[in-house]
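J.: Structure provided below as structure tokens; questions to follow.
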Amino acid sequence: MEISHPKSSFSSSRGDSTEFEADLSLSDRIKVFKSSNFDHEGYVTNKCRAMGEKEIRHLCSYLVDLKKASAEEMRKSVYANYSAFIRTSKEICALEGQLLSLRNFLSTQAALIHGLAEGVRIESLSSGSVGSMKEDIFDFEDREPSKTEKWLAQFLENLEVLLAERRVDEALDALDEGERLAKEANQRQTLTPPTLLSLKTTITEQRQRLADQLAEAACQPSTRSVELRQAVQALKQLGDGPRAHNLLLKSHHQKLQYNMQGLRPSGTSDGAAYTATLSQLVFSTIAQAASDSLAVFGDEPAYASELVTWAVKQTEAFALLVKRHVLASSAAAGGLRVVSECVQICWGHCSLLESRGLALSPVLLRLFRPCIGQALSANLKRIEQSTAAFAAADDWSLAYPPVGGARPLGTASLSSMIASQPKLSSSAHRFNSMAQELCEDVGPLESLQFGDHALEGLVQVFNSYVNMLINALPGSMDTENLEGSGSRIVRMAETESQQIALLANALLLADELLPRAAAKIPSINQTSRIDDAPRRTSDRQNRAPEQRELKRRLQRFVDQLRDSFCRQHALDLIFTEDGSVRLSADMYISMDANADEPEWFPSPIYQELFAKLTRIASIASDVFVGRERFATILLMRLTETVILWLSDDQTFWEQIEEGPTPLGPLGLQQFYLDMEFVILFASQGRYLSRNLHQVIKNIIGRAIESVAATGIDPYSVLPEDDWFADVAQIAIKVLTGKANFGNLDQDVVSPTASVSAKSISSALSHGSN
């Protein structure tokens, strides 16, 4: 909406109020306020006349946002044209000085010309005789000096004494009085032209002499601050303000250089001490210069701009010194803590100047940012390398972190501390401790906005660690081709307990430890000051989406490790060591070739799947305490991996559906029993997903259709559903060692034993434990 007149109407409807949010440029939106005859009272009255409370609040919000945008635009404009403004201000100051000198020169020339003219007139009028001329001379010699002439002689003598004794204030008063007398004498003709010319020349010379004395005193290193301010103030009163301000800054610079001569860092160990001393010296000098400039020159733009330029140069020189002597070597070695501490010290001293109108923090940010980035990158690389070294010797056993520290702990405190710590393997403990230290070091650098960079680096290092955990799985594709692949050598996790420990490492780091470390790094949008303390609750709420996003990213890497774990165990079940397939169609097709009825029991591969899932569930229940959902998903994914492989195995289904020997009734019954067995133990273990259940039903339906295609009615040869459920239930009890058939000749307790249909029927009739 273009506002063309300050009294344009603003409808009370919500539709009209939204016109303020039209996509207009800032210049168009504030055009109405730039008018010279803008009437703010009339504007508000006209706008609010027909508005309700909601529309008035909307208008207020719009005006506040417009004010902020205008202030930001002005700030950007000032920064964009600041150097040109300073350059123009300096030129104006120099021009003022030249005009002052020119005025003094013209005054001297005018007095000289006036004196010459008076002399010529007197000479032309003297036409008397020699006697009369002598009489005049005798009269002049006999005449006593006038009061003005006597005062003039005494004035020049006193001025000479004041300058010789460096009594500045009195000399300034005397020079002002002399100028006043010269002005009055010129108006009243109380002094002869030669005398008046001599007075003006003397005053000009003495002014210059006093200015030189003041400049010399200001440049002395031994000059105290009060004396420096007085000398600069006097020099300004003499009419040479630009020179006075330049001498003020030059004096502070010389004192700073003199005080810095004894500062020399002896090594990186005392880098923080050197930085603190140098930082306090530099920024206290800048603060003193700012105080002196404000006291003498006020807030005049030309002098304020020159002060800012000088302060920026001093800050740049200081930052380069700190980089060369401290930050460069520490950053290259990955010493993020040293770099962070030094930058914090500098930032703290620098921020104290903001109350004086000197915002020098962007200068430090520009010069320190490369060193901090280098230190952060080196630190992340060091975490990756150190963790890899620990992973190469990790035995993948979970334990509490080692208790360190010199202070002895009581039994109660030690037990409490250990209970609050997670159980990880050695490489994960190393990764966690270094990640926590990294975030603690980056946290204080919130004003430099390195939080996102640090978190992104931490996520990438965690990804690298998870890849190492994947390589620790036996038979991993990455570990089979280590040479030339760039993969790191890690110790193999041979047992299922060790492999579960790999998952525990990744899960605890991603779900708890790394988000806890990331919470130490303030968000870019939450770089709050001390006065933001009342907003800590809202800040935590604002951080919640960031924490959730971080957890989602880390969880994706954990899912990759989990899927690799499931795929590796599924392949171990499906294939033998020599590469042959154990889960093939022949194990079902060949059953109808035997004349005897088989002993009905789940196939060996599904017995092994059940046994493996049972062992993993037992281990996971001890490891994933409080994270049972992860253990459930792990078992669910492992079961799904095996069944989905069967569902997608084209060779298996080609033999079933198109092979020379079709699937018979007995093979179908065994296949049906195997699938019902999987459904039953997955359901009892509470890891039967809807997807898994649907895939199994589809597989059973496909097998039934293949038998029906041969002309056999599959439902006429299959037992009732209860039979499959009962056999599968007895098989689970047998495999878990819980079966107890009291009226049978013997208990069937062996996990590999088979139970005939007759014995199962007997067991069902007599009951089972």
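So you can find residues: chains in the structure tokens are A, B, ... in the order shown, residues in each start at 1, and ligands are numbered from 1 in order.
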Within 6 Å of range 320-331 of chain A, counting only C-alpha atoms, which residues show up once you throw out same-chain ones fewer than 6 positions away? Write them as a list in words, please.

T.: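 Skipping anything fewer than 6 positions along the chain leaves Gly271, Val339, Cys371, Gln374 and Ala375 of chain A.
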
J.: Using only C-alpha atoms, which of A:Ala731, A:Leu666, A:Leu358, A:Ala631 sits nearest Tyr687 in chain A?

T.: A:Ala631

J.: Please provide the set of residues having any atom within 10 Å of Ala304 in chain A, restricted to only C-alpha atoms, with same-chain residues fewer than 3 positions apart removed, written as a CSV table (one decimal) with all heavy atoms, in the first residue's frame.

T.:
```
chain,number,residue,atom,x,y,z
A,86,ILE,N,34.1,9.9,7.3
A,86,ILE,CA,35.3,10.3,8.1
A,86,ILE,C,36.2,11.1,7.2
A,86,ILE,O,36.8,12.1,7.6
A,86,ILE,CB,36.0,9.0,8.6
A,86,ILE,CG1,35.1,8.3,9.7
A,86,ILE,CG2,37.3,9.3,9.2
A,86,ILE,CD1,35.6,7.0,10.2
A,89,SER,N,34.9,14.6,6.8
A,89,SER,CA,35.0,15.3,8.1
A,89,SER,C,36.5,15.8,8.3
A,89,SER,O,36.7,16.9,8.7
A,89,SER,CB,34.6,14.4,9.3
A,89,SER,OG,33.3,14.0,9.2
A,245,HIS,N,43.2,17.8,18.5
A,245,HIS,CA,42.6,16.4,18.6
A,245,HIS,C,43.6,15.4,18.0
A,245,HIS,O,43.8,14.3,18.6
A,245,HIS,CB,41.3,16.4,17.8
A,245,HIS,CG,40.5,15.2,18.1
A,245,HIS,ND1,40.5,14.0,17.3
A,245,HIS,CD2,39.7,14.9,19.2
A,245,HIS,CE1,39.7,13.1,17.8
A,245,HIS,NE2,39.2,13.6,18.9
A,290,ALA,N,39.0,8.2,24.6
A,290,ALA,CA,37.6,8.6,24.4
A,290,ALA,C,37.1,9.6,25.4
A,290,ALA,O,36.4,10.5,25.1
A,290,ALA,CB,36.8,7.3,24.3
A,293,SER,N,38.8,13.0,24.7
A,293,SER,CA,38.2,13.6,23.5
A,293,SER,C,36.8,14.1,23.8
A,293,SER,O,36.4,15.3,23.4
A,293,SER,CB,38.1,12.6,22.4
A,293,SER,OG,37.5,13.1,21.2
A,294,LEU,N,36.0,13.4,24.6
A,294,LEU,CA,34.7,13.8,24.9
A,294,LEU,C,34.7,15.0,25.8
A,294,LEU,O,33.9,16.0,25.7
A,294,LEU,CB,33.9,12.7,25.5
A,294,LEU,CG,32.4,13.0,25.9
A,294,LEU,CD1,31.6,13.3,24.7
A,294,LEU,CD2,31.8,11.8,26.7
A,297,PHE,N,36.4,18.0,23.4
A,297,PHE,CA,35.7,18.4,22.1
A,297,PHE,C,34.2,18.1,22.1
A,297,PHE,O,33.6,18.4,21.1
A,297,PHE,CB,36.4,17.6,21.0
A,297,PHE,CG,37.9,18.0,20.8
A,297,PHE,CD1,38.8,17.2,21.4
A,297,PHE,CD2,38.3,19.1,20.1
A,297,PHE,CE1,40.2,17.5,21.3
A,297,PHE,CE2,39.6,19.4,20.0
A,297,PHE,CZ,40.6,18.6,20.6
A,298,GLY,N,33.7,17.4,23.1
A,298,GLY,CA,32.3,17.1,23.1
A,298,GLY,C,32.0,16.0,22.1
A,298,GLY,O,32.9,15.2,21.8
A,299,ASP,N,30.8,16.0,21.6
A,299,ASP,CA,30.4,15.0,20.6
A,299,ASP,C,30.3,15.5,19.2
A,299,ASP,O,29.5,15.2,18.4
A,299,ASP,CB,29.0,14.4,21.0
A,299,ASP,CG,28.0,15.5,21.2
A,299,ASP,OD1,28.3,16.7,21.1
A,299,ASP,OD2,26.8,15.1,21.4
A,300,GLU,N,31.2,16.4,18.9
A,300,GLU,CA,31.3,17.0,17.5
A,300,GLU,C,31.6,15.8,16.6
A,300,GLU,O,32.5,15.1,16.8
A,300,GLU,CB,32.4,18.1,17.4
A,300,GLU,CG,32.1,19.3,18.3
A,300,GLU,CD,33.1,20.4,18.1
A,300,GLU,OE1,33.7,20.5,16.9
A,300,GLU,OE2,33.4,21.1,19.0
A,301,PRO,N,30.8,15.7,15.5
A,301,PRO,CA,30.9,14.6,14.6
A,301,PRO,C,32.3,14.4,14.0
A,301,PRO,O,32.8,13.3,13.9
A,301,PRO,CB,29.9,14.9,13.5
A,301,PRO,CG,28.9,15.8,14.1
A,301,PRO,CD,29.7,16.6,15.1
A,307,LEU,N,38.1,9.9,16.2
A,307,LEU,CA,38.4,9.0,17.4
A,307,LEU,C,38.1,7.5,17.0
A,307,LEU,O,38.8,6.6,17.4
A,307,LEU,CB,37.6,9.4,18.6
A,307,LEU,CG,37.6,8.5,19.8
A,307,LEU,CD1,39.0,8.5,20.4
A,307,LEU,CD2,36.5,9.0,20.8
A,308,VAL,N,36.9,7.3,16.4
A,308,VAL,CA,36.5,5.9,16.0
A,308,VAL,C,37.5,5.3,15.0
A,308,VAL,O,37.9,4.2,15.2
A,308,VAL,CB,35.1,6.0,15.3
A,308,VAL,CG1,34.8,4.6,14.7
A,308,VAL,CG2,34.1,6.3,16.4
A,309,THR,N,38.0,6.1,14.1
A,309,THR,CA,39.0,5.6,13.1
A,309,THR,C,40.3,5.2,13.8
A,309,THR,O,40.9,4.2,13.6
A,309,THR,CB,39.3,6.6,12.0
A,309,THR,OG1,38.1,7.0,11.4
A,309,THR,CG2,40.3,6.1,11.0
A,310,TRP,N,40.7,6.1,14.8
A,310,TRP,CA,41.9,5.8,15.5
A,310,TRP,C,41.7,4.5,16.4
A,310,TRP,O,42.6,3.7,16.5
A,310,TRP,CB,42.2,7.0,16.4
A,310,TRP,CG,43.4,6.8,17.3
A,310,TRP,CD1,44.8,7.0,17.0
A,310,TRP,CD2,43.4,6.4,18.7
A,310,TRP,NE1,45.5,6.7,18.1
A,310,TRP,CE2,44.7,6.4,19.1
A,310,TRP,CE3,42.4,6.1,19.6
A,310,TRP,CZ2,45.1,6.0,20.4
A,310,TRP,CZ3,42.7,5.8,20.9
A,310,TRP,CH2,44.0,5.8,21.3
A,357,GLY,N,30.2,4.4,23.3
A,357,GLY,CA,29.8,4.6,21.9
A,357,GLY,C,30.8,4.0,20.9
A,357,GLY,O,30.8,4.3,19.7
A,358,LEU,N,31.7,3.2,21.4
A,358,LEU,CA,32.8,2.6,20.6
A,358,LEU,C,32.4,1.1,20.4
A,358,LEU,O,32.7,0.3,21.3
A,358,LEU,CB,34.2,2.7,21.1
A,358,LEU,CG,34.7,4.2,21.2
A,358,LEU,CD1,36.0,4.3,21.9
A,358,LEU,CD2,34.8,4.7,19.7
```

J.: Can you work out which one of A:Leu613, A:Ala435, A:Ala708, A:Leu673 has the shortest atom-to-atom distance to Glu657 in chain A, counting only C-alpha atoms?

T.: A:Ala708

J.: Any idea what's packed within 12 Å of Gln257 in chain A, counting only C-alpha atoms, ignoring anything in its chain fewer than 6 positions away? Could you give it as an MDAnalysis selection string?

T.: chainID A and resid 221 250:251 263 278 281:282 285 314 317:318

J.: Excluding Val707 in chain A and any residue of its chain fewer than 2 positions from it, enumerate the residues within 9 Å of it, using only C-alpha atoms, and give them as a VMD selection string.

T.: chain A and resid 656 to 657 662 to 665 668 702 to 705 709 to 714
